[in-house]
file protein12.txt (compact mmCIF, C-alpha atoms)
# COMPACT_ATOMS: atom_id res chain seq x y z
CA ILE A 1 -11.98 -58.72 -10.55
CA ASP A 2 -12.44 -61.76 -12.81
CA GLU A 3 -9.29 -63.23 -11.35
CA MET A 4 -10.59 -62.59 -7.82
CA ALA A 5 -13.82 -64.36 -8.71
CA ALA A 6 -11.81 -67.19 -10.13
CA MET A 7 -9.79 -67.37 -6.95
CA ARG A 8 -12.93 -67.43 -4.86
CA SER A 9 -13.98 -70.53 -6.85
CA LEU A 10 -10.95 -72.37 -5.58
CA SER A 11 -11.13 -74.53 -2.44
CA PRO A 12 -8.55 -74.89 0.40
CA PRO A 13 -5.45 -77.02 -0.16
CA SER A 14 -5.26 -80.64 1.03
CA ARG A 15 -3.64 -81.55 4.28
CA GLY A 16 -0.87 -83.37 2.56
CA GLY A 17 0.70 -80.13 1.44
CA ASP A 18 0.11 -80.59 -2.31
CA PRO A 19 -1.03 -77.35 -3.82
CA VAL A 20 -3.56 -79.21 -6.01
CA ALA A 21 -5.21 -82.52 -5.13
CA HIS A 22 -7.95 -84.68 -6.66
CA THR A 23 -10.16 -86.86 -4.45
CA THR A 24 -13.28 -88.83 -5.21
CA GLY A 25 -14.51 -90.64 -2.16
CA SER A 26 -12.15 -93.57 -1.65
CA GLU A 27 -10.09 -92.78 -4.77
CA SER A 28 -7.10 -90.45 -4.82
CA GLY A 29 -4.81 -89.29 -7.58
CA ARG A 30 -2.88 -86.48 -9.07
CA VAL A 31 -4.19 -83.53 -11.07
CA PRO A 32 -2.82 -83.51 -14.56
CA GLU A 33 0.36 -81.52 -14.78
CA ALA A 34 -1.01 -79.15 -17.41
CA ASP A 35 -3.94 -78.18 -15.21
CA MET A 36 -1.65 -77.68 -12.26
CA LEU A 37 0.65 -75.46 -14.30
CA THR A 38 -2.31 -73.45 -15.49
CA LEU A 39 -3.52 -73.00 -11.94
CA ARG A 40 -0.07 -71.95 -10.77
CA VAL A 41 0.20 -69.42 -13.58
CA GLU A 42 -3.23 -68.05 -12.75
CA HIS A 43 -2.31 -68.01 -9.07
CA GLU A 44 0.92 -66.12 -9.67
CA SER A 45 -0.82 -63.74 -12.08
CA THR A 46 -3.53 -63.10 -9.53
CA LEU A 47 -0.94 -62.45 -6.81
CA SER A 48 0.92 -60.09 -9.13
CA HIS A 49 -2.27 -58.21 -9.93
CA LEU A 50 -3.15 -58.06 -6.25
CA GLU A 51 0.27 -56.68 -5.42
CA ASP A 52 -0.10 -54.10 -8.19
CA ILE A 53 -3.57 -53.21 -6.94
CA TYR A 54 -2.29 -52.99 -3.37
CA GLU A 55 0.60 -50.75 -4.41
CA ALA A 56 -1.69 -48.59 -6.56
CA VAL A 57 -4.17 -48.29 -3.72
CA ARG A 58 -1.33 -47.34 -1.37
CA GLU A 59 -0.09 -44.69 -3.78
CA ILE A 60 -3.64 -43.41 -4.32
CA THR A 61 -4.11 -43.28 -0.56
CA GLU A 62 -0.86 -41.36 -0.08
CA ALA A 63 -1.74 -39.01 -2.94
CA ALA A 64 -5.22 -38.57 -1.50
CA GLU A 65 -3.72 -37.77 1.90
CA VAL A 66 -1.36 -35.24 0.30
CA LEU A 67 -4.26 -33.82 -1.66
CA SER A 68 -6.34 -33.72 1.51
CA GLU A 69 -3.57 -31.85 3.32
CA SER A 70 -3.23 -29.46 0.37
CA SER A 71 -6.99 -29.00 0.36
CA ARG A 72 -6.89 -28.31 4.08
CA ARG A 73 -4.16 -25.72 3.60
CA MET A 74 -6.11 -24.27 0.68
CA ALA A 75 -9.22 -24.14 2.83
CA ASP A 76 -7.28 -22.51 5.67
CA GLY A 77 -5.72 -20.09 3.19
CA ALA A 78 -9.10 -19.35 1.64
CA SER A 79 -10.56 -18.82 5.11
CA ASP A 80 -7.67 -16.54 6.08
CA GLN A 81 -7.98 -14.76 2.74
CA THR A 82 -11.70 -14.31 3.30
CA GLY A 83 -11.03 -12.84 6.73
CA THR A 84 -8.26 -10.63 5.39
CA VAL A 85 -10.42 -9.49 2.49
CA THR A 86 -13.26 -8.76 4.91
CA ARG A 87 -10.99 -6.73 7.18
CA THR A 88 -9.45 -4.97 4.18
CA THR A 89 -12.92 -4.24 2.81
CA ASN A 90 -13.97 -2.77 6.15
CA THR A 91 -10.79 -0.70 6.27
CA VAL A 92 -11.28 0.53 2.71
CA GLU A 93 -14.92 1.35 3.44
CA ALA A 94 -13.85 3.32 6.52
CA LEU A 95 -11.18 5.04 4.41
CA SER A 96 -13.82 5.80 1.79
CA ASP A 97 -16.01 7.37 4.47
CA ARG A 98 -13.08 9.47 5.68
CA ILE A 99 -12.31 10.53 2.12
CA ASP A 100 -15.98 11.45 1.69
CA ARG A 101 -15.72 13.67 4.76
CA ILE A 102 -12.46 15.13 3.46
CA SER A 103 -14.16 15.85 0.14
CA GLU A 104 -17.07 17.51 1.93
CA ASN A 105 -14.67 19.55 4.08
CA ALA A 106 -12.70 20.48 0.96
CA GLU A 107 -15.87 21.65 -0.73
CA GLU A 108 -16.77 23.70 2.35
CA ALA A 109 -13.23 25.11 2.43
CA ALA A 110 -13.53 25.91 -1.28
CA ASP A 111 -16.79 27.76 -0.63
CA ALA A 112 -15.22 29.63 2.30
CA THR A 113 -12.14 30.46 0.23
CA GLU A 114 -14.33 31.69 -2.61
CA GLY A 115 -16.24 33.86 -0.13
CA THR A 116 -12.94 35.22 1.19
CA ARG A 117 -11.79 35.93 -2.34
CA GLN A 118 -15.01 37.77 -3.14
CA GLN A 119 -14.70 39.79 0.08
CA ALA A 120 -11.10 40.60 -0.84
CA MET A 121 -12.25 41.69 -4.30
CA ARG A 122 -14.89 43.97 -2.81
CA GLY A 123 -12.36 45.33 -0.32
CA LEU A 124 -9.91 45.89 -3.15
CA GLU A 125 -12.54 47.78 -5.12
CA GLN A 126 -13.28 49.93 -2.07
CA ILE A 127 -9.56 50.50 -1.53
CA GLN A 128 -9.24 51.55 -5.15
CA GLY A 129 -12.08 54.05 -4.61
CA ILE A 130 -10.36 55.33 -1.45
CA ILE A 131 -7.08 55.64 -3.31
CA GLU A 132 -8.75 57.64 -6.05
CA GLY A 133 -10.42 59.88 -3.43
CA MET A 134 -7.10 60.31 -1.60
CA ASP A 135 -5.42 61.21 -4.86
CA ARG A 136 -8.08 63.83 -5.59
CA LEU A 137 -7.82 65.20 -2.04
CA ARG A 138 -4.06 65.26 -2.31
CA SER A 139 -4.36 67.20 -5.53
CA GLN A 140 -6.68 69.67 -3.83
CA VAL A 141 -4.30 70.02 -0.87
CA GLU A 142 -1.42 70.63 -3.22
CA ALA A 143 -3.49 73.24 -5.08
CA ASN A 144 -4.41 74.96 -1.80
CA ALA A 145 -0.78 74.88 -0.74
CA ARG A 146 0.21 76.53 -3.98
CA LYS A 147 -2.49 79.17 -3.50
CA ALA A 148 -1.34 79.75 0.08
CA ARG A 149 2.22 80.15 -1.09
CA ARG A 150 1.07 82.63 -3.75
CA LEU A 151 -0.96 84.45 -1.07
CA GLY A 152 2.16 84.62 1.08
CA GLU A 153 4.07 86.01 -1.85
CA ARG A 154 1.32 88.58 -2.43
CA SER A 155 1.34 89.54 1.27
CA VAL A 156 5.08 90.09 1.03
CA GLU A 157 4.49 92.32 -1.96
CA ILE A 158 1.75 94.18 -0.02
CA GLY A 159 4.20 94.61 2.87
CA SER A 160 6.69 96.13 0.48
CA ILE A 161 4.03 98.50 -0.83
CA VAL A 162 3.06 99.44 2.74
CA GLU A 163 6.69 100.16 3.55
CA LEU A 164 6.85 102.33 0.46
CA ILE A 165 3.69 104.15 1.54
CA GLY A 166 5.22 104.65 5.01
CA GLU A 167 8.35 106.13 3.52
CA ILE A 168 6.20 108.44 1.37
CA SER A 169 4.24 109.43 4.47
CA ASN A 170 7.43 110.20 6.39
CA ARG A 171 8.75 112.27 3.55
CA THR A 172 5.42 114.07 3.26
CA ASP A 173 5.58 114.81 6.98
CA MET A 174 9.10 116.17 6.57
CA LEU A 175 7.97 118.29 3.64
CA ALA A 176 5.04 119.62 5.69
CA LEU A 177 7.43 120.48 8.53
CA ASN A 178 9.74 122.26 6.13
CA ALA A 179 6.78 124.12 4.60
CA THR A 180 5.69 125.27 8.06
CA ILE A 181 9.17 126.52 8.80
CA GLU A 182 9.26 128.36 5.51
CA SER A 183 5.81 129.90 6.11
CA VAL A 184 6.99 131.21 9.49
CA ARG A 185 9.92 132.82 7.81
CA ALA A 186 7.64 134.38 5.21
CA GLY A 187 5.54 136.05 7.88
CA ASP A 188 2.11 137.14 6.87
CA HIS A 189 2.71 136.08 3.30
CA GLY A 190 3.33 132.53 4.35
CA ARG A 191 0.31 131.98 6.57
CA GLY A 192 -1.80 130.44 3.81
CA PHE A 193 1.04 128.21 2.92
CA ALA A 194 1.36 127.26 6.59
CA VAL A 195 -2.26 126.17 6.66
CA VAL A 196 -1.70 123.97 3.62
CA ALA A 197 1.45 122.57 5.15
CA GLU A 198 -0.43 121.74 8.35
CA GLU A 199 -3.10 119.91 6.44
CA ILE A 200 -0.43 118.02 4.53
CA ARG A 201 1.25 117.12 7.84
CA LYS A 202 -2.03 115.87 9.30
CA LEU A 203 -2.68 113.88 6.14
CA ALA A 204 0.80 112.42 6.37
CA GLU A 205 0.20 111.48 10.01
CA ARG A 206 -3.06 109.77 9.15
CA THR A 207 -1.36 108.05 6.22
CA ALA A 208 1.42 106.91 8.53
CA ALA A 209 -1.11 105.65 11.07
CA ALA A 210 -3.05 103.83 8.36
CA THR A 211 0.19 102.47 6.97
CA ARG A 212 1.18 101.14 10.40
CA GLU A 213 -2.24 99.52 10.74
CA ILE A 214 -1.98 98.06 7.25
CA GLY A 215 1.52 96.85 8.10
CA THR A 216 0.21 95.19 11.24
CA LEU A 217 -2.57 93.53 9.25
CA VAL A 218 -0.17 92.47 6.53
CA GLU A 219 2.17 90.98 9.13
CA ALA A 220 -0.77 89.12 10.67
CA ILE A 221 -1.85 87.96 7.22
CA GLN A 222 1.69 86.88 6.46
CA ALA A 223 1.91 85.00 9.76
CA ASP A 224 -1.42 83.30 9.09
CA THR A 225 -0.35 82.59 5.54
CA HIS A 226 2.93 81.05 6.68
CA GLU A 227 1.04 79.02 9.29
CA SER A 228 -1.41 77.90 6.63
CA ILE A 229 1.45 76.99 4.34
CA ARG A 230 3.12 74.94 7.11
CA ALA A 231 -0.23 73.29 7.94
CA LEU A 232 -0.85 72.52 4.30
CA ALA A 233 2.66 71.14 4.00
CA ASP A 234 2.06 68.93 7.04
CA GLU A 235 -1.29 67.87 5.65
CA GLU A 236 0.33 67.16 2.32
CA ALA A 237 2.98 65.01 4.00
CA GLN A 238 0.29 63.27 6.05
CA MET A 239 -1.74 62.82 2.91
CA ASP A 240 1.26 61.24 1.22
CA GLN A 241 1.68 58.85 4.14
CA GLU A 242 -1.99 57.93 4.17
CA THR A 243 -1.96 57.49 0.42
CA GLN A 244 1.06 55.23 0.76
CA ARG A 245 -0.70 53.22 3.45
CA VAL A 246 -3.81 52.93 1.32
CA HIS A 247 -1.67 51.75 -1.59
CA GLU A 248 -0.02 49.21 0.71
CA ALA A 249 -3.45 48.07 1.90
CA GLY A 250 -4.53 47.73 -1.72
CA SER A 251 -1.39 45.71 -2.49
CA ALA A 252 -2.07 43.52 0.55
CA LEU A 253 -5.63 42.95 -0.60
CA GLU A 254 -4.35 42.09 -4.07
CA ARG A 255 -1.97 39.55 -2.51
CA ILE A 256 -4.82 38.20 -0.38
CA ASN A 257 -6.97 37.94 -3.49
CA ARG A 258 -4.23 36.05 -5.35
CA MET A 259 -3.65 33.79 -2.35
CA ALA A 260 -7.39 33.19 -2.10
CA GLU A 261 -7.49 32.29 -5.78
CA ASP A 262 -4.52 29.94 -5.33
CA SER A 263 -6.16 28.43 -2.25
CA ALA A 264 -9.41 28.02 -4.15
CA ARG A 265 -7.57 26.21 -6.95
CA LEU A 266 -5.71 24.01 -4.46
CA VAL A 267 -8.87 23.20 -2.52
CA ASP A 268 -10.69 22.50 -5.76
CA GLY A 269 -7.87 20.16 -6.76
CA ILE A 270 -8.06 18.48 -3.34
CA SER A 271 -11.80 18.09 -3.75
CA HIS A 272 -11.40 16.54 -7.20
CA SER A 273 -8.62 14.27 -5.94
CA ALA A 274 -10.76 13.25 -2.97
CA ASN A 275 -13.66 12.48 -5.32
CA ASP A 276 -11.34 10.41 -7.50
CA GLN A 277 -10.08 8.59 -4.40
CA VAL A 278 -13.65 7.96 -3.32
CA LEU A 279 -14.43 6.44 -6.72
CA ALA A 280 -11.23 4.39 -6.59
CA ALA A 281 -12.02 3.26 -3.05
CA ARG A 282 -15.51 2.25 -4.11
CA ASP A 283 -14.07 0.29 -7.03
CA LEU A 284 -11.59 -1.28 -4.63
CA VAL A 285 -14.40 -2.19 -2.23
CA ALA A 286 -16.34 -3.74 -5.11
CA GLY A 287 -13.24 -5.67 -6.19
CA MET A 288 -12.56 -6.82 -2.63
CA GLN A 289 -16.16 -7.93 -2.33
CA ARG A 290 -15.81 -9.94 -5.53
CA ILE A 291 -12.56 -11.42 -4.20
CA SER A 292 -14.36 -12.24 -0.95
CA GLU A 293 -17.13 -13.96 -2.89
CA VAL A 294 -14.56 -15.92 -4.90
CA SER A 295 -12.71 -16.81 -1.68
CA ARG A 296 -15.93 -18.03 -0.10
CA LEU A 297 -16.66 -20.02 -3.27
CA ILE A 298 -13.15 -21.50 -3.18
CA LEU A 299 -13.59 -22.29 0.51
CA GLY A 300 -16.87 -24.07 -0.21
CA GLU A 301 -15.42 -25.97 -3.15
CA THR A 302 -12.30 -26.86 -1.14
CA THR A 303 -14.43 -28.11 1.73
CA GLN A 304 -16.44 -30.22 -0.68
CA ILE A 305 -13.22 -31.55 -2.24
CA ARG A 306 -11.92 -32.47 1.22
CA GLN A 307 -15.11 -34.34 1.93
CA GLU A 308 -14.79 -36.18 -1.39
CA ILE A 309 -11.15 -36.94 -0.59
CA ARG A 310 -12.15 -38.32 2.82
CA VAL A 311 -14.65 -40.60 1.07
CA LEU A 312 -11.94 -41.62 -1.42
CA VAL A 313 -9.45 -42.31 1.37
CA SER A 314 -12.04 -44.35 3.24
CA ARG A 315 -12.74 -46.42 0.16
CA CYS A 316 -9.04 -46.83 -0.51
CA ASP A 317 -8.57 -48.02 3.08
CA ARG A 318 -11.33 -50.54 2.58
CA LEU A 319 -9.76 -51.66 -0.70
CA ARG A 320 -6.37 -51.97 0.98
CA ALA A 321 -7.96 -54.03 3.70
CA LEU A 322 -9.51 -56.28 1.08
CA THR A 323 -6.33 -56.63 -0.97
CA GLY A 324 -3.88 -56.68 1.92
CA ALA A 325 -5.54 -59.35 4.12
CA ARG A 326 -4.72 -62.98 3.87
CA ARG A 327 -7.87 -64.24 2.28
CA ARG A 328 -9.08 -67.82 2.00
CA VAL A 329 -12.21 -68.31 -0.09
CA PRO A 330 -13.29 -71.98 -0.06
CA GLU A 331 -15.63 -73.15 -2.74
CA THR A 332 -16.31 -76.93 -3.22
CA THR A 333 -16.65 -78.37 -6.69
CA PRO A 334 -18.93 -81.43 -6.67
CA ALA A 335 -16.91 -84.58 -7.23
CA ALA A 336 -18.14 -86.89 -9.95
CA ASP A 337 -18.26 -90.62 -9.14
CA THR A 338 -17.15 -92.78 -11.98
CA ASN A 339 -19.57 -95.41 -10.84
CA GLY A 340 -22.41 -92.92 -10.94
CA ASP A 341 -21.29 -91.30 -14.22
CA PRO A 342 -19.98 -93.96 -16.54
CA GLY A 343 -19.48 -91.35 -19.25
CA ARG A 344 -16.76 -89.37 -17.35
CA PRO A 345 -13.25 -90.58 -18.09
CA PRO A 346 -11.24 -92.05 -15.25
CA GLY A 347 -8.99 -89.63 -13.40
CA ARG A 348 -11.02 -86.54 -14.33
CA ASN A 349 -12.74 -86.30 -10.99
CA ARG A 350 -10.95 -83.36 -9.20
CA ARG A 351 -10.65 -82.46 -5.59
CA PRO A 352 -11.49 -79.00 -4.38
CA LEU A 353 -8.50 -76.65 -4.79
CA ALA A 354 -7.29 -74.21 -2.18
CA ILE A 355 -5.10 -71.24 -3.05
CA GLU A 356 -3.81 -68.92 -0.35
CA VAL A 357 -3.57 -65.34 -1.51
CA THR A 358 -0.94 -63.29 0.24
CA PRO A 359 0.22 -60.01 -1.23
call {"tool": "encode", "arguments": {"input": "protein12.txt", "output": "structure tokens"}}
result
Amino acid sequence: IDEMAAMRSLSPPSRGGDPVAHTTGSESGRVPEADMLTLRVEHESTLSHLEDIYEAVREITEAAEVLSESSRRMADGASDQTGTVTRTTNTVEALSDRIDRISENAEEAADATEGTRQQAMRGLEQIQGIIEGMDRLRSQVEANARKARRLGERSVEIGSIVELIGEISNRTDMLALNATIESVRAGDHGRGFAVVAEEIRKLAERTAAATREIGTLVEAIQADTHESIRALADEEAQMDQETQRVHEAGSALERINRMAEDSARLVDGISHSANDQVLAARDLVAGMQRISEVSRLILGETTQIRQEIRVLVSRCDRLRALTGARRRVPETTPAADTNGDPGRPPGRNRRPLAIEVTP
């Protein structure tokens, strides 16, 4: 800057083409060689500095343009990131809402499964009561069947006794007939015996009739007993089948109860997992919101940096225009007249100098 000010203090060159000339009115002469050399050195140094400044300004401008382009890409990336984060946040929030609904549905399913399990437990308890009742009834049926079989055995024994009584009655009848025959042979002496024999015969007939009736009743009892035994056997078989079915129903209810317990555990695990996912989704939403805030902050800072870079580029352009233009800065140094200033030595009156600055 000092060199630029010094250059501005220099005046245009003379028409004669000399880089440095000294004129005082009607007088003309040469500038001392030492002063001319000094001016040339200063001129070359100033040109060198201007070239360096011009090159530095050009490099700064290029770097600023690159930085501006990078800032633009950063701003575009931050804007895209903000939009992506916003969309991702919305998606995660929607996913969080869905997970909330899944968690609620899982809790409802867990409640329903628990209700099913409790119903299965109550049904299993009832089935156990039915099984116990069926077992008691089966025991009673078996006891009745055994009694019926014993009754059948007793009826068979009674039939045998009735047959024996019938045989005795037949023999008694034969004995009465023989006694009658013998009383007839005895004549008058056998009449009393004949009366006794007749009574015995009548008694034998009544015994035979009673025996036949008893036999008929015993046969009926035996038939009923056999029918009862067959019915009890059928009932026992049916009871076994029903008991087996009840046991199968109890086993099915036990399996249902175990499945309900497993389902309850699975649903409870799903509910806990859904709750964990909800918490994770909320943390993710919070993190995405923080990222969005940082992205917006970066976007704002990048925009501000771009504005600052534009200002820097504009100033660099102005500086390039100042350093790159061919500049002529005339400035006249008052010439001293030797006649008017007897104290100034001759030849020290200088012309205005002109230096053309071209980078």
call {"tool": "atom_distance", "arguments": {"input": "protein12.txt", "atom1": "CA of Arg318 in chain A", "atom2": "CA of Val57 in chain A"}}
result
9.8 Å
call {"tool": "residues_near_point", "arguments": {"input": "protein12.txt", "point": "(5.9, 101.7, 2.1)", "cutoff": "12 Å", "atoms": "all atoms listed in the file", "output": "list in words"}}
result
Val156, Glu157, Ile158, Gly159, Ser160, Ile161, Val162, Glu163, Leu164, Ile165, Gly166, Glu167, Ile168, Ser169, Asn170, Arg171, Thr207, Ala208, Ala210, Thr211, Arg212, Ile214, Gly215 and Val218 of chain A
call {"tool": "closest_residue", "arguments": {"input": "protein12.txt", "among": "A:Cys316, A:Ala145, A:Met74, A:Ala321", "to": "Ser228 in chain A", "atoms": "all atoms listed in the file"}}
result
A:Ala145
call {"tool": "closest_residue", "arguments": {"input": "protein12.txt", "among": "A:Ile127, A:Ile221, A:Ala94, A:Ile181", "to": "Glu153 in chain A", "atoms": "all atoms listed in the file"}}
result
A:Ile221
call {"tool": "atom_distance", "arguments": {"input": "protein12.txt", "atom1": "CA of Glu205 in chain A", "atom2": "CA of Thr180 in chain A"}}
result
15.0 Å
call {"tool": "closest_residue", "arguments": {"input": "protein12.txt", "among": "A:Gly192, A:Gly152, A:Gly269, A:Gly250", "to": "Ala220 in chain A", "atoms": "all atoms listed in the file"}}
result
A:Gly152
